[in-house]
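Structure file target-v5.cif (mmCIF, C-alpha atoms) follows.
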```cif
data_work
loop_
_atom_site.label_atom_id
_atom_site.label_comp_id
_atom_site.auth_asym_id
_atom_site.auth_seq_id
_atom_site.Cartn_x
_atom_site.Cartn_y
_atom_site.Cartn_z
CA MET A 1 48.06 143.60 64.65
CA PRO A 2 48.40 146.40 67.17
CA GLU A 3 47.13 145.53 70.62
CA LEU A 4 45.58 147.15 73.66
CA ARG A 5 47.77 146.39 76.68
CA VAL A 6 47.55 146.99 80.42
CA HIS A 7 50.80 146.92 82.40
CA ASN A 8 51.89 147.17 85.99
CA LEU A 9 48.37 147.50 87.32
CA THR A 10 48.99 146.79 90.98
CA ILE A 11 46.54 145.26 93.41
CA SER A 12 46.81 144.17 97.02
CA LEU A 13 46.41 140.53 98.02
CA ASP A 14 42.81 141.31 98.90
CA GLY A 15 42.29 142.67 95.39
CA TYR A 16 42.30 146.43 95.78
CA ALA A 17 43.86 148.80 93.23
CA ALA A 18 43.31 151.70 95.62
CA GLY A 19 42.75 151.82 99.36
CA PRO A 20 39.61 152.84 101.29
CA GLY A 21 38.51 156.48 101.55
CA GLN A 22 39.75 157.73 98.17
CA SER A 23 39.34 161.47 97.74
CA THR A 24 40.78 164.28 95.69
CA HIS A 25 43.27 164.85 98.49
CA ASP A 26 44.06 161.16 98.86
CA PRO A 27 43.64 159.72 95.36
CA MET A 28 45.14 156.33 96.28
CA GLY A 29 43.06 155.89 99.44
CA ALA A 30 44.34 154.79 102.86
CA GLY A 31 47.49 152.73 102.43
CA GLY A 32 47.18 152.84 98.63
CA GLU A 33 50.65 154.30 98.17
CA ARG A 34 52.07 151.04 99.55
CA LEU A 35 50.84 149.31 96.39
CA HIS A 36 53.41 151.17 94.36
CA GLU A 37 56.50 150.90 96.56
CA TRP A 38 57.82 148.04 94.43
CA ALA A 39 57.78 150.22 91.31
CA LEU A 40 59.54 153.10 93.04
CA ARG A 41 62.32 150.75 94.09
CA THR A 42 63.17 149.63 90.54
CA ARG A 43 65.93 151.20 88.49
CA ALA A 44 63.34 152.40 85.95
CA GLY A 45 61.13 153.77 88.71
CA GLN A 46 63.99 155.70 90.32
CA GLU A 47 64.74 157.25 86.94
CA GLN A 48 61.14 157.98 86.05
CA PHE A 49 59.79 159.25 89.35
CA PHE A 50 62.87 160.83 90.91
CA GLY A 51 65.14 161.47 87.92
CA ARG A 52 68.01 159.65 89.57
CA CYS A 53 70.15 156.62 88.94
CA GLY A 54 70.21 153.58 91.20
CA GLY A 55 67.37 151.32 92.18
CA GLU A 56 66.95 147.60 91.73
CA ASP A 57 67.40 145.54 88.59
CA GLY A 58 65.61 142.24 88.15
CA ILE A 59 62.13 141.01 87.33
CA ASP A 60 60.30 144.04 88.74
CA ASP A 61 62.45 146.45 86.78
CA ALA A 62 62.15 144.45 83.55
CA LEU A 63 58.38 144.22 83.80
CA TRP A 64 57.99 147.86 84.72
CA ARG A 65 59.96 148.81 81.60
CA ARG A 66 57.99 146.41 79.42
CA GLY A 67 54.96 148.64 79.95
CA ASP A 68 56.52 151.30 77.75
CA GLU A 69 57.86 149.08 74.99
CA GLY A 70 56.17 149.36 71.60
CA ILE A 71 53.55 151.77 72.90
CA GLY A 72 52.44 154.60 70.59
CA ALA A 73 49.48 156.03 72.51
CA THR A 74 47.82 155.82 75.92
CA ILE A 75 44.21 155.79 77.10
CA MET A 76 43.24 156.74 80.65
CA GLY A 77 40.17 157.51 82.68
CA ARG A 78 39.55 161.04 83.78
CA ASN A 79 40.29 160.30 87.44
CA MET A 80 43.75 159.22 86.47
CA PHE A 81 44.27 162.52 84.68
CA GLY A 82 43.28 164.58 87.68
CA PRO A 83 41.02 165.21 90.66
CA VAL A 84 38.64 167.62 88.86
CA ARG A 85 35.06 166.28 88.57
CA GLY A 86 32.15 167.56 86.47
CA PRO A 87 32.58 170.24 83.80
CA TRP A 88 36.10 171.68 83.59
CA PRO A 89 35.99 174.99 85.52
CA ASP A 90 38.89 176.23 83.39
CA GLU A 91 41.90 174.78 81.66
CA SER A 92 44.37 175.21 84.46
CA TRP A 93 44.58 171.50 85.38
CA THR A 94 47.12 169.87 83.08
CA GLY A 95 47.61 166.49 84.78
CA TRP A 96 49.62 165.16 87.70
CA TRP A 97 52.92 165.04 85.85
CA GLY A 98 54.19 168.63 85.56
CA ASP A 99 55.18 170.35 82.31
CA GLU A 100 56.74 167.28 80.74
CA PRO A 101 54.62 164.16 81.36
CA PRO A 102 56.41 160.81 80.93
CA TYR A 103 54.27 159.70 77.96
CA HIS A 104 55.85 161.49 74.97
CA HIS A 105 52.94 160.42 72.76
CA PRO A 106 49.20 161.09 72.38
CA VAL A 107 47.12 160.37 75.49
CA PHE A 108 43.35 159.94 75.26
CA VAL A 109 41.46 160.91 78.39
CA LEU A 110 37.93 159.52 78.77
CA THR A 111 35.55 162.21 80.01
CA HIS A 112 31.98 163.40 79.70
CA HIS A 113 33.13 167.00 79.32
CA ALA A 114 34.73 168.29 76.14
CA ARG A 115 37.95 170.24 76.26
CA PRO A 116 40.47 171.26 73.56
CA PRO A 117 43.60 169.14 73.16
CA LEU A 118 46.46 170.04 75.44
CA ALA A 119 50.02 169.86 74.10
CA MET A 120 52.71 169.45 76.74
CA GLU A 121 56.47 169.52 76.57
CA GLY A 122 58.22 166.38 75.36
CA GLY A 123 55.58 165.28 72.87
CA THR A 124 52.68 164.37 75.15
CA VAL A 125 49.33 165.65 73.84
CA PHE A 126 46.21 165.07 75.96
CA HIS A 127 43.05 164.54 73.91
CA PHE A 128 39.71 164.58 75.71
CA VAL A 129 37.31 161.96 74.35
CA THR A 130 33.62 162.30 75.09
CA ASP A 131 32.13 159.59 72.89
CA GLY A 132 33.04 156.42 74.74
CA ILE A 133 35.65 153.73 75.12
CA GLU A 134 35.42 152.30 71.58
CA ALA A 135 35.86 155.75 70.03
CA ALA A 136 38.84 156.43 72.27
CA LEU A 137 40.39 153.12 71.29
CA GLU A 138 39.93 153.80 67.59
CA ARG A 139 41.52 157.21 67.89
CA ALA A 140 44.37 155.81 69.95
CA PHE A 141 45.12 153.08 67.41
CA ASP A 142 45.12 155.69 64.64
CA ALA A 143 47.46 157.92 66.62
CA ALA A 144 49.80 155.05 67.54
CA GLY A 145 50.59 154.49 63.87
CA GLY A 146 50.93 150.73 64.05
CA ASP A 147 52.31 150.56 67.59
CA ASP A 148 50.34 149.20 70.52
CA VAL A 149 48.08 151.24 72.79
CA ARG A 150 48.51 151.23 76.52
CA LEU A 151 45.48 151.36 78.78
CA GLY A 152 46.56 153.28 81.85
CA GLY A 153 43.78 153.12 84.43
CA GLY A 154 42.16 153.57 86.85
CA PRO A 155 40.52 150.28 87.75
CA ALA A 156 37.04 151.31 86.56
CA THR A 157 38.41 152.18 83.12
CA VAL A 158 40.28 148.89 82.86
CA GLN A 159 37.12 147.03 83.94
CA ALA A 160 35.12 148.76 81.20
CA TYR A 161 37.58 147.68 78.51
CA LEU A 162 37.84 144.14 79.94
CA ARG A 163 34.06 143.73 79.96
CA ALA A 164 33.92 144.93 76.35
CA GLY A 165 36.52 142.29 75.46
CA LEU A 166 38.90 144.90 74.08
CA VAL A 167 42.02 144.23 76.14
CA ASP A 168 44.60 141.93 74.49
CA GLU A 169 47.09 141.75 77.32
CA LEU A 170 46.73 142.38 81.05
CA HIS A 171 49.69 142.46 83.40
CA VAL A 172 48.69 142.56 87.04
CA ALA A 173 51.18 143.00 89.87
CA ILE A 174 50.11 141.72 93.29
CA THR A 175 51.71 143.14 96.40
CA PRO A 176 51.28 140.89 99.43
CA ILE A 177 49.59 143.45 101.64
CA LEU A 178 46.00 143.70 102.86
CA LEU A 179 44.24 147.03 102.41
CA GLY A 180 40.93 145.89 103.87
CA GLY A 181 38.83 148.01 101.51
CA GLY A 182 38.96 150.34 98.52
CA GLU A 183 38.48 149.94 94.78
CA ARG A 184 38.70 146.39 93.47
CA LEU A 185 40.12 145.64 90.04
CA PHE A 186 38.34 142.33 89.56
CA ASP A 187 34.66 142.80 90.23
CA GLY A 188 32.41 140.81 87.98
CA ILE A 189 35.24 140.05 85.57
CA GLY A 190 34.33 136.43 84.95
CA PRO A 191 35.90 133.47 83.18
CA GLY A 192 33.60 133.98 80.19
CA LEU A 193 35.76 136.87 79.01
CA GLY A 194 38.41 134.39 77.92
CA TYR A 195 41.57 135.62 79.66
CA GLU A 196 44.26 133.05 80.28
CA CYS A 197 47.29 133.40 82.51
CA VAL A 198 50.38 132.97 80.33
CA GLU A 199 53.07 133.98 82.80
CA LEU A 200 53.40 133.88 86.55
CA VAL A 201 56.60 135.07 88.22
CA THR A 202 57.52 136.67 91.49
CA SER A 203 60.27 138.83 92.86
CA PRO A 204 60.80 138.72 96.62
CA SER A 205 58.23 141.49 97.00
CA VAL A 206 55.63 141.32 94.23
CA VAL A 207 53.90 138.74 92.04
CA HIS A 208 53.44 139.35 88.34
CA ALA A 209 50.61 137.64 86.45
CA ARG A 210 50.31 138.20 82.72
CA PHE A 211 47.03 137.40 81.00
CA ARG A 212 46.27 137.17 77.30
CA LYS A 213 42.86 137.18 75.70
CA VAL A 214 42.42 133.83 74.03
CA ALA A 215 38.97 134.15 72.46
CA PRO A 216 35.74 135.99 73.23
CA SER A 217 33.94 132.71 73.72
CA GLY A 218 36.96 130.45 74.04
CA PRO A 219 37.65 127.49 76.30
CA PRO A 220 37.65 127.95 80.07
CA ILE A 221 40.74 129.61 81.52
CA THR A 222 43.26 126.95 82.45
CA ILE A 223 46.34 126.97 84.58
CA PRO A 224 49.33 126.97 82.22
CA MET B 1 54.09 128.09 122.12
CA PRO B 2 51.66 126.06 120.05
CA GLU B 3 50.14 128.00 117.17
CA LEU B 4 46.99 128.16 115.09
CA ARG B 5 47.93 127.76 111.43
CA VAL B 6 46.09 127.96 108.11
CA HIS B 7 47.67 126.19 105.15
CA ASN B 8 47.03 125.79 101.45
CA LEU B 9 43.94 127.96 101.49
CA THR B 10 43.53 128.59 97.79
CA ILE B 11 41.97 131.65 96.19
CA SER B 12 41.61 132.79 92.60
CA LEU B 13 43.30 135.93 91.33
CA ASP B 14 40.01 137.74 91.87
CA GLY B 15 40.01 136.58 95.47
CA TYR B 16 37.47 133.76 95.63
CA ALA B 17 37.95 130.66 97.76
CA ALA B 18 34.88 129.11 96.11
CA GLY B 19 33.10 129.86 92.84
CA PRO B 20 29.63 131.35 92.30
CA GLY B 21 26.46 129.32 92.90
CA GLN B 22 27.70 127.15 95.77
CA SER B 23 25.16 124.54 96.81
CA THR B 24 25.06 121.20 98.58
CA HIS B 25 25.45 119.54 95.19
CA ASP B 26 28.22 121.89 94.09
CA PRO B 27 30.07 122.77 97.30
CA MET B 28 32.94 124.50 95.47
CA GLY B 29 30.71 126.60 93.21
CA ALA B 30 31.09 127.06 89.44
CA GLY B 31 34.72 126.56 88.47
CA GLY B 32 35.75 126.17 92.11
CA GLU B 33 37.37 122.79 91.53
CA ARG B 34 39.95 124.53 89.32
CA LEU B 35 41.31 126.22 92.45
CA HIS B 36 42.59 122.90 93.68
CA GLU B 37 44.13 121.42 90.52
CA TRP B 38 47.58 122.48 91.66
CA ALA B 39 47.27 120.45 94.86
CA LEU B 40 46.05 117.36 93.04
CA ARG B 41 49.10 117.49 90.78
CA THR B 42 51.62 117.35 93.63
CA ARG B 43 53.23 114.13 94.79
CA ALA B 44 51.58 114.52 98.19
CA GLY B 45 48.21 115.26 96.58
CA GLN B 46 48.39 112.20 94.34
CA GLU B 47 49.10 110.08 97.41
CA GLN B 48 46.48 111.69 99.60
CA PHE B 49 43.59 112.02 97.17
CA PHE B 50 44.16 109.05 94.86
CA GLY B 51 46.35 106.74 96.93
CA ARG B 52 48.91 106.49 94.17
CA CYS B 53 52.54 107.37 93.58
CA GLY B 54 53.73 109.93 91.09
CA GLY B 55 52.86 113.59 90.86
CA GLU B 56 55.10 116.63 90.95
CA ASP B 57 57.81 117.50 93.42
CA GLY B 58 58.84 121.08 94.02
CA ILE B 59 57.50 124.12 95.81
CA ASP B 60 53.84 123.18 95.55
CA ASP B 61 54.46 119.72 96.95
CA ALA B 62 56.67 121.01 99.77
CA LEU B 63 54.13 123.62 100.82
CA TRP B 64 51.22 121.22 100.58
CA ARG B 65 53.06 118.83 102.93
CA ARG B 66 53.99 121.62 105.31
CA GLY B 67 50.30 121.92 106.15
CA ASP B 68 50.46 118.60 108.01
CA GLU B 69 53.75 119.06 109.82
CA GLY B 70 53.59 119.46 113.57
CA ILE B 71 49.79 119.48 113.63
CA GLY B 72 48.03 117.73 116.49
CA ALA B 73 44.41 118.79 115.96
CA THR B 74 42.21 120.46 113.33
CA ILE B 75 39.35 122.94 113.50
CA MET B 76 36.86 123.30 110.66
CA GLY B 77 33.54 124.96 109.93
CA ARG B 78 30.47 122.81 109.61
CA ASN B 79 30.18 123.41 105.86
CA MET B 80 33.59 121.88 105.41
CA PHE B 81 32.46 118.81 107.33
CA GLY B 82 29.43 118.27 105.14
CA PRO B 83 26.42 119.64 103.26
CA VAL B 84 23.90 119.07 106.06
CA ARG B 85 22.39 122.33 107.41
CA GLY B 86 20.31 122.94 110.54
CA PRO B 87 19.83 120.27 113.22
CA TRP B 88 21.39 116.89 112.39
CA PRO B 89 18.52 114.71 111.10
CA ASP B 90 20.48 111.63 112.21
CA GLU B 91 24.09 110.58 112.57
CA SER B 92 24.53 109.07 109.14
CA TRP B 93 26.72 111.87 107.72
CA THR B 94 30.31 111.17 108.75
CA GLY B 95 32.20 113.66 106.57
CA TRP B 96 33.41 113.78 102.98
CA TRP B 97 36.40 111.53 103.56
CA GLY B 98 35.10 107.96 103.82
CA ASP B 99 35.80 105.58 106.71
CA GLU B 100 39.39 106.71 107.22
CA PRO B 101 39.69 110.51 107.00
CA PRO B 102 43.20 111.85 106.35
CA TYR B 103 43.46 113.66 109.71
CA HIS B 104 44.43 110.91 112.15
CA HIS B 105 43.90 113.27 115.08
CA PRO B 106 41.03 115.10 116.85
CA VAL B 107 38.98 117.38 114.59
CA PHE B 108 36.75 120.08 116.07
CA VAL B 109 33.73 120.97 113.94
CA LEU B 110 32.07 124.32 114.63
CA THR B 111 28.29 123.97 114.66
CA HIS B 112 25.19 125.30 116.36
CA HIS B 113 23.82 121.79 116.77
CA ALA B 114 25.20 119.36 119.32
CA ARG B 115 26.13 115.83 118.36
CA PRO B 116 28.15 113.10 120.11
CA PRO B 117 31.79 112.66 119.11
CA LEU B 118 32.39 110.44 116.12
CA ALA B 119 35.42 108.13 116.10
CA MET B 120 36.61 107.09 112.64
CA GLU B 121 39.22 104.62 111.49
CA GLY B 122 42.83 105.73 111.60
CA GLY B 123 42.58 107.91 114.68
CA THR B 124 40.38 110.76 113.47
CA VAL B 125 37.72 111.74 116.02
CA PHE B 126 35.20 114.44 115.08
CA HIS B 127 34.08 116.59 118.01
CA PHE B 128 31.14 118.94 117.52
CA VAL B 129 31.63 122.26 119.26
CA THR B 130 28.61 124.46 119.91
CA ASP B 131 30.09 127.17 122.12
CA GLY B 132 32.09 129.25 119.66
CA ILE B 133 35.47 129.68 118.05
CA GLU B 134 37.44 130.44 121.23
CA ALA B 135 36.09 127.35 122.97
CA ALA B 136 36.91 125.22 119.94
CA LEU B 137 40.44 126.61 119.89
CA GLU B 138 40.97 125.91 123.56
CA ARG B 139 39.77 122.33 123.17
CA ALA B 140 41.92 121.87 120.07
CA PHE B 141 45.07 123.13 121.82
CA ASP B 142 44.36 120.77 124.73
CA ALA B 143 43.86 117.85 122.37
CA ALA B 144 46.98 118.66 120.34
CA GLY B 145 49.15 118.09 123.40
CA GLY B 146 51.71 120.75 122.62
CA ASP B 147 51.56 120.48 118.83
CA ASP B 148 50.05 123.17 116.62
CA VAL B 149 46.41 123.35 115.56
CA ARG B 150 45.41 123.59 111.94
CA LEU B 151 42.44 125.71 110.92
CA GLY B 152 40.90 123.98 107.93
CA GLY B 153 38.20 126.21 106.51
CA GLY B 154 36.00 127.24 104.87
CA PRO B 155 36.62 130.89 104.21
CA ALA B 156 33.99 132.18 106.64
CA THR B 157 35.56 130.19 109.47
CA VAL B 158 39.03 131.48 108.63
CA GLN B 159 37.67 135.03 108.49
CA ALA B 160 36.14 134.63 111.94
CA TYR B 161 39.47 133.52 113.45
CA LEU B 162 41.40 136.23 111.58
CA ARG B 163 39.04 138.94 112.84
CA ALA B 164 39.45 137.64 116.37
CA GLY B 165 43.23 137.86 115.96
CA LEU B 166 43.67 134.18 116.75
CA VAL B 167 45.54 132.97 113.65
CA ASP B 168 49.35 132.88 113.99
CA GLU B 169 50.20 131.81 110.44
CA LEU B 170 48.25 132.06 107.21
CA HIS B 171 49.43 130.43 104.01
CA VAL B 172 47.40 131.47 100.99
CA ALA B 173 47.84 129.93 97.54
CA ILE B 174 46.72 132.05 94.60
CA THR B 175 45.84 130.35 91.33
CA PRO B 176 45.92 132.75 88.37
CA ILE B 177 42.34 132.16 87.26
CA LEU B 178 39.30 134.42 87.40
CA LEU B 179 36.12 132.95 88.87
CA GLY B 180 34.05 136.11 88.51
CA GLY B 181 32.10 135.54 91.71
CA GLY B 182 31.75 133.31 94.75
CA GLU B 183 32.97 133.42 98.33
CA ARG B 184 35.85 135.79 99.00
CA LEU B 185 38.48 135.01 101.60
CA PHE B 186 39.55 138.59 102.22
CA ASP B 187 36.48 140.66 102.94
CA GLY B 188 36.98 143.30 105.56
CA ILE B 189 40.27 141.75 106.72
CA GLY B 190 42.15 144.99 107.12
CA PRO B 191 45.72 146.02 107.83
CA GLY B 192 44.87 146.70 111.48
CA LEU B 193 44.91 142.97 112.20
CA GLY B 194 48.68 143.00 111.97
CA TYR B 195 49.48 140.30 109.43
CA GLU B 196 52.74 140.63 107.56
CA CYS B 197 53.83 138.72 104.48
CA VAL B 198 57.00 136.81 105.36
CA GLU B 199 57.36 134.64 102.27
CA LEU B 200 56.32 135.00 98.65
CA VAL B 201 57.19 132.28 96.16
CA THR B 202 55.66 130.91 93.01
CA SER B 203 55.69 127.69 91.08
CA PRO B 204 54.82 127.93 87.38
CA SER B 205 51.15 127.55 88.28
CA VAL B 206 50.45 128.94 91.73
CA VAL B 207 51.66 131.71 94.03
CA HIS B 208 52.25 131.07 97.70
CA ALA B 209 52.06 133.91 100.21
CA ARG B 210 52.80 133.18 103.85
CA PHE B 211 51.65 135.64 106.49
CA ARG B 212 52.55 135.82 110.17
CA LYS B 213 50.77 137.75 112.85
CA VAL B 214 53.17 140.37 114.11
CA ALA B 215 51.13 142.08 116.80
CA PRO B 216 47.47 142.85 117.47
CA SER B 217 48.12 146.55 117.19
CA GLY B 218 51.53 146.45 115.60
CA PRO B 219 53.11 148.54 112.88
CA PRO B 220 51.50 148.67 109.42
CA ILE B 221 52.07 145.64 107.22
CA THR B 222 55.17 146.16 105.15
CA ILE B 223 56.53 144.45 102.10
CA PRO B 224 59.42 142.26 103.25
#
```
Take the structure from the file and write it as structure tokens.
Amino acid sequence: MPELRVHNLTISLDGYAAGPGQSTHDPMGAGGERLHEWALRTRAGQEQFFGRCGGEDGIDDALWRRGDEGIGATIMGRNMFGPVRGPWPDESWTGWWGDEPPYHHPVFVLTHHARPPLAMEGGTVFHFVTDGIEAALERAFDAAGGDDVRLGGGPATVQAYLRAGLVDELHVAITPILLGGGERLFDGIGPGLGYECVELVTSPSVVHARFRKVAPSGPPITIP
Amino acid sequence: MPELRVHNLTISLDGYAAGPGQSTHDPMGAGGERLHEWALRTRAGQEQFFGRCGGEDGIDDALWRRGDEGIGATIMGRNMFGPVRGPWPDESWTGWWGDEPPYHHPVFVLTHHARPPLAMEGGTVFHFVTDGIEAALERAFDAAGGDDVRLGGGPATVQAYLRAGLVDELHVAITPILLGGGERLFDGIGPGLGYECVELVTSPSVVHARFRKVAPSGPPITIP
């Protein structure tokens, strides 16, 4: 059965997915860009973010790539799509990613404010969903045509899907830095949700923990 | 120069060093005992906690043992010494560890309530320090006679020493479980304190991150 998967969601050792003082001008917060240095260093990251060859092979690269494998649609929160808040003033904002976003498939953006779909170059179409996370998930599964759906972020969106028990797989990367404040990924995400760590590996610079949902009311999470 | 070191301080993936609902009857909080399963499984843990041979060798065992190497005195918070709060009603509480605690050296217990020193079997002497963390550290360094001092816990005590910039080395173990609530280790411990991750390794069940203090107002923490 197709699954809802989260990949490469990076947090600091003190648990923050974004640093303190987030704003439209500083969407990652103070120090937040350091969370993502590991991804930029990978071969896949060099290709994807800078369009160049080079970069590091290894665990980090393999896991970064895994986030795109078998994915037919993406869901994201509105803040991940852009800095605009409230009703859309116009349709000029088309995402952070330029004319050809790296999705190449339908992307469902959670928002309270309707907007017509937005077709970009390379196959990415942004759909704006105003009727909640379940509706977005249903539409994404339909659009993915049997493939999995990737849940992009930000942290609040991932939390909403985790609390609703809708995430099948959660891959968290932990960079060993302290941000001291910001937006936490795990806030009130308790053991009752039934996520179990099924893989724990580290490169020299980042830890990868992969969780699977075992059962909505399953046994307590145990160390593998 | 002798150092102040923290070892084997274990937190969950959501950052808790103890689970929710801590009480005198449940000092680790709900699920908190699962944080320490990794240590109990090691060869050193089997010896230390159950007095028996067996258990697992490997990274976890080596790092657990490292916590005792070159240590001449220990500092701990009162809650780690016992469940008694407020003035000591009498001197009957002598710690969680029976007649022969596993320290075998002077232990300085931070408290607001004076009490005479308490000599146990095997060389452990508990000293009750009422004049603050710096005073306790000074006494511990004196008592250690040139060896390092270990800072035991709990989390609030470690936080106090981190904020004061007095910890030289911090080894955190992360178990990939979610506790959903409890007592966080890293709360307001920001990058300005100058701790840098110098080692990141994982066993199949627990991640070890070792931090060193680089400078009180040093460069930003960087991924090694």
request  = Could you tell me which residues the PyMOL selection byres ((chain A and resi 149) around 7) grabs in this file, written as a list of chain:residue names?
outcome  = A:Glu3, A:Leu4, A:Arg5, A:Ile71, A:Gly72, A:Ala73, A:Thr74, A:Ala140, A:Phe141, A:Ala144, A:Asp147, A:Asp148, A:Arg150, A:Leu151
Convert the current residue selection to file output with C-alpha atoms, as a PDB file, keeping the file's coordinate frame.
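The resulting file, out18.pdb, is reproduced below:
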```
ATOM      1  CA  GLU A   3      47.130 145.530  70.620  1.00  0.00           C
ATOM      2  CA  LEU A   4      45.580 147.150  73.660  1.00  0.00           C
ATOM      3  CA  ARG A   5      47.770 146.390  76.680  1.00  0.00           C
ATOM      4  CA  ILE A  71      53.550 151.770  72.900  1.00  0.00           C
ATOM      5  CA  GLY A  72      52.440 154.600  70.590  1.00  0.00           C
ATOM      6  CA  ALA A  73      49.480 156.030  72.510  1.00  0.00           C
ATOM      7  CA  THR A  74      47.820 155.820  75.920  1.00  0.00           C
ATOM      8  CA  ALA A 140      44.370 155.810  69.950  1.00  0.00           C
ATOM      9  CA  PHE A 141      45.120 153.080  67.410  1.00  0.00           C
ATOM     10  CA  ALA A 144      49.800 155.050  67.540  1.00  0.00           C
ATOM     11  CA  ASP A 147      52.310 150.560  67.590  1.00  0.00           C
ATOM     12  CA  ASP A 148      50.340 149.200  70.520  1.00  0.00           C
ATOM     13  CA  ARG A 150      48.510 151.230  76.520  1.00  0.00           C
ATOM     14  CA  LEU A 151      45.480 151.360  78.780  1.00  0.00           C
TER      15      LEU A 151
END
```
request  = Taking all atoms listed in the file into account, report as an MDAnalysis selection string which residues of chain A lie within 10 Å of chain B.
outcome  = chainID A and resid 13:16 31 34:35 37:38 172 174:181 184:211 220:224
task = Could you expand the PyMOL selection byres ((chain B and resi 103) around 8) into the explicit residues it covers here, written as number ranges by chain?
result = B: 74, 101-102, 104-107, 123-124
inquiry  = Applying 9 Å and only C-alpha atoms, which residues near Asp61 in chain B remain after dropping the ones on its own chain fewer than 2 positions away? List them as a PyMOL selection string.
reply    = chain B and resi 39+41-45+55-59+63-66
ask   = Mind pulling up the distance from CA of His36 in chain B to CA of Phe50 in chain B?
value = 14.0 Å
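Shown here are all protein and nucleic acid residues lying within 10 Å of (53.1, 161.1, 86.2), with all atoms listed in the file considered: Gln48, Phe49, Met80, Phe81, Gly95, Trp96, Trp97, Gly98, Glu100, Pro101, Pro102 and Tyr103 of chain A.
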query = So what do you get for CA of Gly70 in chain B versus CA of Phe126 in chain B, distance-wise?
reply = 19.1 Å
key: Top pick for closest residue to Gly32 in chain B, considering B:Gly152, B:Glu183, B:His112, B:Trp88 and counting all atoms listed in the file   = B:Glu183
key: Residue contacts of Thr157 in chain B (9 Å, all atoms listed in the file) excluding same-chain residues fewer than 2 positions away, as an MDAnalysis selection string   = chainID B and resid 76:78 110 133 151:155 159:162
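Here the PyMOL selection byres ((chain A and resi 27-29) around 9) captures the residues Ala17, Ala18, Gly19, Pro20, Gly21, Gln22, Ser23, Thr24, His25, Asp26, Ala30, Gly31, Gly32, Glu33, Asn79, Met80, Pro83, Gly182 and Glu183 of chain A.
CA of His113 in chain A is positioned 5.6 Å from CA of Pro87 in chain A.
Using only C-alpha atoms, the smallest distance between any of B:Leu170, B:Cys53, B:Ala164, B:Ala135 and Leu40 in chain B comes from B:Cys53.
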The centre and edge lengths of an axis-aligned box containing all atoms of range 53-56 of chain A present in the file, extended by 5 Å on each side, are to be given in Å to one decimal, as AutoDock Vina command-line options.
```
--center_x 68.6 --center_y 152.1 --center_z 90.6 --size_x 13.3 --size_y 19.0 --size_z 13.2
```
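Look at Pro117 in chain B: the protein and nucleic acid residues within 7 Å of it, using all atoms listed in the file and passing over chain neighbours fewer than 6 places away, are B:Val125, B:Phe126, B:His127, B:Phe128.
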Can you complete the atoms of range 20-31 of chain B to N, CA and C atoms and list them as a PDB file, in the frame of the given file?
```pdb
ATOM      1  N   PRO B  20      31.020 130.919  92.136  1.00  0.00           N
ATOM      2  CA  PRO B  20      29.630 131.350  92.300  1.00  0.00           C
ATOM      3  C   PRO B  20      28.667 130.159  92.292  1.00  0.00           C
ATOM      4  N   GLY B  21      27.515 130.346  92.940  1.00  0.00           N
ATOM      5  CA  GLY B  21      26.460 129.320  92.900  1.00  0.00           C
ATOM      6  C   GLY B  21      26.774 128.094  93.734  1.00  0.00           C
ATOM      7  N   GLN B  22      27.454 128.298  94.869  1.00  0.00           N
ATOM      8  CA  GLN B  22      27.700 127.150  95.770  1.00  0.00           C
ATOM      9  C   GLN B  22      26.381 126.528  96.215  1.00  0.00           C
ATOM     10  N   SER B  23      26.348 125.230  96.297  1.00  0.00           N
ATOM     11  CA  SER B  23      25.160 124.540  96.810  1.00  0.00           C
ATOM     12  C   SER B  23      25.614 123.215  97.402  1.00  0.00           C
ATOM     13  N   THR B  24      24.678 122.493  97.997  1.00  0.00           N
ATOM     14  CA  THR B  24      25.060 121.200  98.580  1.00  0.00           C
ATOM     15  C   THR B  24      25.529 120.241  97.491  1.00  0.00           C
ATOM     16  N   HIS B  25      25.012 120.422  96.274  1.00  0.00           N
ATOM     17  CA  HIS B  25      25.450 119.540  95.190  1.00  0.00           C
ATOM     18  C   HIS B  25      26.734 120.021  94.526  1.00  0.00           C
ATOM     19  N   ASP B  26      27.040 121.305  94.736  1.00  0.00           N
ATOM     20  CA  ASP B  26      28.220 121.890  94.090  1.00  0.00           C
ATOM     21  C   ASP B  26      28.945 122.727  95.138  1.00  0.00           C
ATOM     22  N   PRO B  27      29.554 122.041  96.136  1.00  0.00           N
ATOM     23  CA  PRO B  27      30.070 122.770  97.300  1.00  0.00           C
ATOM     24  C   PRO B  27      31.203 123.743  96.971  1.00  0.00           C
ATOM     25  N   MET B  28      31.863 123.571  95.822  1.00  0.00           N
ATOM     26  CA  MET B  28      32.940 124.500  95.470  1.00  0.00           C
ATOM     27  C   MET B  28      32.456 125.617  94.553  1.00  0.00           C
ATOM     28  N   GLY B  29      31.210 125.577  94.115  1.00  0.00           N
ATOM     29  CA  GLY B  29      30.710 126.600  93.210  1.00  0.00           C
ATOM     30  C   GLY B  29      31.249 126.412  91.801  1.00  0.00           C
ATOM     31  N   ALA B  30      30.709 127.194  90.857  1.00  0.00           N
ATOM     32  CA  ALA B  30      31.090 127.060  89.440  1.00  0.00           C
ATOM     33  C   ALA B  30      32.578 127.350  89.261  1.00  0.00           C
ATOM     34  N   GLY B  31      33.284 126.380  88.741  1.00  0.00           N
ATOM     35  CA  GLY B  31      34.720 126.560  88.470  1.00  0.00           C
ATOM     36  C   GLY B  31      35.602 126.379  89.687  1.00  0.00           C
TER      37      GLY B  31
END
```
